[in-house]
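The block underneath contains the structure these notes are about, expressed in structure tokens.
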Amino acid sequence: MCFPESPQVFENVKIPFDTRTLGEGTFRVFGRAGSAVGVAGRQTPRMRRTVRWLATALAVVLTASPASAEDGLTLGVIQPSPHSDLFVGVVGDTLDSEIVLTVRDSGGLTVPGVTIRLRALGSGGGAVLPLEEQLVTDGRGEATVRVALVGPPSDGVVLAHITGQESEPSEIRVRILRDSWLAYLLMGIGGGLALFLYGMRLIGRSLEKAASGDLRSFLTSVAGSRGRSLLFGTVSTLMVQSSSASTVLLVSFASSGLMTVQQCLGAVLGAAAGATVTVQLIAFRVSDLDLLLIAVGFLLTMFRGRRRRLGGAILGFGLLFFGLRVMSNAMAPLKDFPLVTEFFVASAQDPWPALIAATLFTAIAQASAATIGIVLGLAFQGILTLEAAVPFVFGANIGTATTAILASLAANVDGKRVAWAHAGFRIGGVILGMLLLSPFLRLVGSLSDDLPRQIANAHTLLNIGTAILFLPFIPLADRLVRRLIPERESAPEYGPRALDPRFLEQPSVAIASAVRELLRMGGLVGEMLDDVKESLRRDDSELANAIRTRDDQVDLLDEEITKYLADLSTEYLSERQSERVLDLLFVTKDLELIGDIISKGLVPGLLRKKREHDLWFSDEGFRQILEFHEGVREIVEIAVSAIATWDRALASRVLEKKRDLSELERRFQLAHLTRLQTGNVESRATTTVHVDAMNDLKRIVTHTARIAYAILGRVHQFPRDDEIEESSRSDRDLGRAIEGSAE
């Protein structure tokens, strides 16, 4: 190699290395060629000139020659994200700035001026075309690759290698999305979520029909036991397949008086525990069987009875799993976007933003199942880690409390107490979980290696742990919410309290609510009879007014209960429930007729005539009327008790009591006739009033017996209304005949 006479011709040549070893001396190059200093050892001027020429020559060779395999250069691709090696774009677009290549030497320093060749390699049908076949690294040792995404939507690969270097080429992996991928993602998430939630709703309806026994008796059985109320909450959630819906029902139960606040507090803890069962089933990865479940469930719905209800539940599970699969497939592109992956990585490092986001989303969606379903869908795609998923589970637990709080806005004080106590339980459990997050994650991770299973286990441990933690403190929680939410005013006496329209899709609950109002009707009728007895003892016009007011309340309850039961769609009713609704309609009408008999028969025919004409019964006649009245009051009380639990034994007692009262009425009628024949002055003066009063009381007994027939399921044995009226007419005619014969 020949060297020029003067080194100044290489003055602007950059030397791309820091340290080189030349012969016996080592020197450091700071800038331009020929500026080397610090050569080790003793050197003569001739040696210094020689070293200077060698360094300059080597710099020229290194900057002017192509890189070779012997140089040890490496070609790398700057990844779009620390957690993804995919570049993502839409078909038809050009990625002109995202893909950057870098060349480094063996010391890790970037090398400029290196030639890189590119060629496309199709993968999965995707076409990614580089716009240049050859690139040269710039002063920073980097080169930007521009590629055109010509489709179809799939994956594509561009191979890059250094010219003259035979080592393995670097791969640039590109995912091509369809141009409307965002719309498909939103439709997939929305449609899949709708199928998911509808499947849960269908499961709830079918299971509720299958368990169509009398819920009222179960509600009675939970009284006085926190453990049984916890079990009730768990079972009710399994039936309606939604802890939010179950909690809303409990808020309404407390508001309407079907359950006490303490019973509801135990049940809301059970509702949270019951919700974990569905999440566990989802995590079993049975989505591959979703279409089979849909087919089998649909076929079973064509039958009747239990097979139809079983088919509905199976169809619901199929739709639930199919909806989850649709969501999971729709969210697949998200795992390739750096912003998405960075968000979830950040969630693992700082869980509070993820918890807040999940809380807000659940509050808006009004269903924790929606949040959990999306989290599981992301887990199935491998987008989430356990550390990132758990805060979303915690947030869903808090967000679901907003549903009950919104439902309590229209509830009374007890309903509000249950809703806010439920929110307190949820928040308390999550705060404890966040404080113990590290050991909690270790525990969950030790139970399973499968991420969806870990998420389901985290949800289960959180809710069951919360239930176990707070169950012993329910009495304390009851006192606390009573102090925080005190009574403001008493509940209105007029109008229905328990007929919540939200119950209409849970027939057992709706029927129990109607029974609750029927008991109020029965109580009002009993109070009216008590006022009649008191009016017989003393002349008080206020009592007559009170009887008429209560009759207005009975009429209103009759109207509202009848309308409510009519609104119960046959779509949700089993055969047994349909029969129960029909029986309750008959019971409602008979209680209303008893109220009419008292207010329109006994009040004007007995009390007003007695007061206006200053009539006085004979001692024996008055005693007999009071005795018969006591028997009527007792039979009505037995019938109302039978309504409360739909007790057939009590209903049979009503019919036995009716036979006894019929015999007593005939005996008293004969005694009254005897008094008339003996010329008893009081009996002659009060004959019409006496006979009409006994006749009205007898009609009350007949309508009470009709209530018993309904409870016994023997509606076909009802005395017809025309028969009752004919019997009453005959009794009135007999009374007038007795009165005429006495005269």
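Residues are referred to by chain and number: the chain letter is A, B, ... according to the order shown in the structure tokens, the number counts from 1 in that chain, and ligands are numbered separately from 1 in the order shown.
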
Shell of 12 Å around range 250-255 of chain A, only C-alpha atoms, local chain residues under 5 positions omitted, as a PyMOL selection string: chain A and resi 215-216+219+229-230+232-234+236-237+243-245+260-271+401+403-422+491+496-503+509-510+512-513+516

Non-local contacts of Val157 in chain A (12 Å; only C-alpha atoms; under 6 positions in same chain excluded) as a list in words: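 Listing them by chain and then by number gives Asp85, Leu86, Phe87, Val88, Leu118, Arg119, Ala120, Leu121, Gly122, Ser123, Gly124, Gly125, Gly126, Ala127, Val128, Leu129, Pro130, Val147, Ala148, Leu149, Pro169, Ser170, Glu171, Ile172, Arg173, Val174, Arg175 and Ile176 of chain A.
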
Would you mind exporting the chosen residues as a CSV table (one decimal), in the first residue's frame, restricted to N, CA and C atoms?
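Generated output (again18.csv):
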chain,number,residue,atom,x,y,z
A,85,ASP,N,-42.3,-8.1,19.5
A,85,ASP,CA,-41.4,-8.0,18.4
A,85,ASP,C,-42.1,-7.8,17.1
A,86,LEU,N,-43.4,-7.5,17.2
A,86,LEU,CA,-44.3,-7.4,16.0
A,86,LEU,C,-44.5,-5.9,15.7
A,87,PHE,N,-44.4,-5.6,14.4
A,87,PHE,CA,-44.8,-4.2,13.9
A,87,PHE,C,-46.2,-4.4,13.4
A,88,VAL,N,-47.1,-3.5,13.7
A,88,VAL,CA,-48.5,-3.6,13.3
A,88,VAL,C,-48.9,-2.5,12.4
A,118,LEU,N,-32.3,-6.1,1.8
A,118,LEU,CA,-33.7,-6.5,2.3
A,118,LEU,C,-34.4,-7.3,1.2
A,119,ARG,N,-35.1,-8.3,1.7
A,119,ARG,CA,-36.0,-9.1,0.8
A,119,ARG,C,-37.2,-9.6,1.6
A,120,ALA,N,-38.4,-9.6,1.0
A,120,ALA,CA,-39.6,-10.0,1.6
A,120,ALA,C,-39.7,-11.6,1.6
A,121,LEU,N,-40.3,-12.1,2.7
A,121,LEU,CA,-40.6,-13.5,2.9
A,121,LEU,C,-42.0,-13.6,3.4
A,122,GLY,N,-42.9,-14.2,2.5
A,122,GLY,CA,-44.3,-14.3,2.9
A,122,GLY,C,-44.5,-15.3,4.0
A,123,SER,N,-45.4,-15.0,4.9
A,123,SER,CA,-45.7,-16.0,6.0
A,123,SER,C,-47.2,-15.9,6.3
A,124,GLY,N,-47.8,-17.0,6.2
A,124,GLY,CA,-49.3,-17.1,6.4
A,124,GLY,C,-50.1,-16.3,5.4
A,125,GLY,N,-49.5,-16.1,4.2
A,125,GLY,CA,-50.3,-15.4,3.2
A,125,GLY,C,-50.1,-13.9,3.2
A,126,GLY,N,-49.4,-13.4,4.2
A,126,GLY,CA,-49.3,-11.9,4.3
A,126,GLY,C,-48.2,-11.4,3.3
A,127,ALA,N,-48.5,-10.3,2.7
A,127,ALA,CA,-47.5,-9.7,1.8
A,127,ALA,C,-47.0,-8.4,2.3
A,128,VAL,N,-45.7,-8.3,2.7
A,128,VAL,CA,-45.0,-7.1,3.2
A,128,VAL,C,-43.9,-6.8,2.2
A,129,LEU,N,-43.9,-5.7,1.5
A,129,LEU,CA,-42.9,-5.4,0.5
A,129,LEU,C,-42.0,-4.2,1.0
A,130,PRO,N,-40.7,-4.4,1.1
A,130,PRO,CA,-39.8,-3.3,1.4
A,130,PRO,C,-39.7,-2.4,0.2
A,147,VAL,N,-41.8,-0.1,4.5
A,147,VAL,CA,-42.4,-1.3,3.9
A,147,VAL,C,-43.8,-1.0,3.6
A,148,ALA,N,-44.3,-1.6,2.6
A,148,ALA,CA,-45.7,-1.4,2.1
A,148,ALA,C,-46.5,-2.7,2.5
A,149,LEU,N,-47.7,-2.5,3.2
A,149,LEU,CA,-48.5,-3.6,3.6
A,149,LEU,C,-49.6,-3.8,2.6
A,169,PRO,N,-29.7,-14.1,8.7
A,169,PRO,CA,-30.3,-12.7,8.6
A,169,PRO,C,-31.3,-12.4,9.7
A,170,SER,N,-31.5,-11.1,9.9
A,170,SER,CA,-32.4,-10.7,11.0
A,170,SER,C,-33.8,-10.6,10.3
A,171,GLU,N,-34.8,-10.9,11.2
A,171,GLU,CA,-36.2,-10.9,10.7
A,171,GLU,C,-37.0,-9.7,11.2
A,172,ILE,N,-37.7,-9.1,10.3
A,172,ILE,CA,-38.6,-8.0,10.7
A,172,ILE,C,-40.0,-8.5,10.5
A,173,ARG,N,-40.7,-8.8,11.7
A,173,ARG,CA,-42.0,-9.4,11.7
A,173,ARG,C,-43.1,-8.3,11.7
A,174,VAL,N,-44.0,-8.4,10.8
A,174,VAL,CA,-45.1,-7.4,10.6
A,174,VAL,C,-46.4,-8.1,10.6
A,175,ARG,N,-47.3,-7.6,11.4
A,175,ARG,CA,-48.7,-8.1,11.4
A,175,ARG,C,-49.6,-7.1,10.6
A,176,ILE,N,-50.3,-7.6,9.6
A,176,ILE,CA,-51.2,-6.8,8.8
A,176,ILE,C,-52.6,-7.0,9.2

Filtered DSSP result for range 468-592 of chain A, state helix (DSSP H, G or I), as a ChimeraX atom specification: /A:468-484,501-505,507-537,541-567,570-572,575-592

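Here CA of Val525 in chain A and CA of Glu637 in chain A stand 9.5 Å from one another.
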
Shell of 12 Å around Val390 in chain A, only C-alpha atoms, local chain residues under 2 positions omitted, as JSON, numbers by chain: {"A": [344, 347, 348, 349, 350, 351, 352, 354, 355, 358, 371, 372, 375, 376, 379, 384, 385, 386, 387, 388, 392, 393, 394, 395, 396, 397, 430, 433, 434, 437, 438, 440, 441, 442, 444, 445, 451, 452, 454, 455, 456, 457, 458, 459, 460, 461, 462]}

Among listed residues A:Met694, A:Arg483, A:Ala272, A:Phe303, nearest Thr400 in chain A (using only C-alpha atoms):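 When distances to Thr400 in chain A are compared using only C-alpha atoms, the smallest one comes from A:Ala272.
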
Who sits within 9 Å of Arg580 in chain A, only C-alpha atoms, same chain under 2 positions skipped, as a PyMOL selection string: chain A and resi 511+575-578+582-585+710-711+713

Minimum-distance residue to Thr562 in chain A, chosen among A:Val158, A:Ala423, A:Leu518, A:Met528 (using only C-alpha atoms):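 For Thr562 in chain A, the nearest of the given residues is A:Leu518.
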
For CA of Ile625 in chain A and CA of Glu527 in chain A, the interatomic separation in Å (one decimal): 17.8 Å

Range 309-321 of chain A environment, 10 Å, only C-alpha atoms, sequence neighbours closer than 3 positions dropped, as JSON, numbers by chain: {"A": [192, 193, 194, 195, 196, 197, 198, 199, 200, 201, 202, 203, 204, 205, 206, 207, 208, 209, 210, 211, 278, 281, 282, 285, 286, 287, 288, 289, 290, 291, 292, 293, 294, 295, 296, 297, 298, 299, 300, 301, 302, 303, 304, 305, 306, 324, 325, 326, 327, 373, 574]}
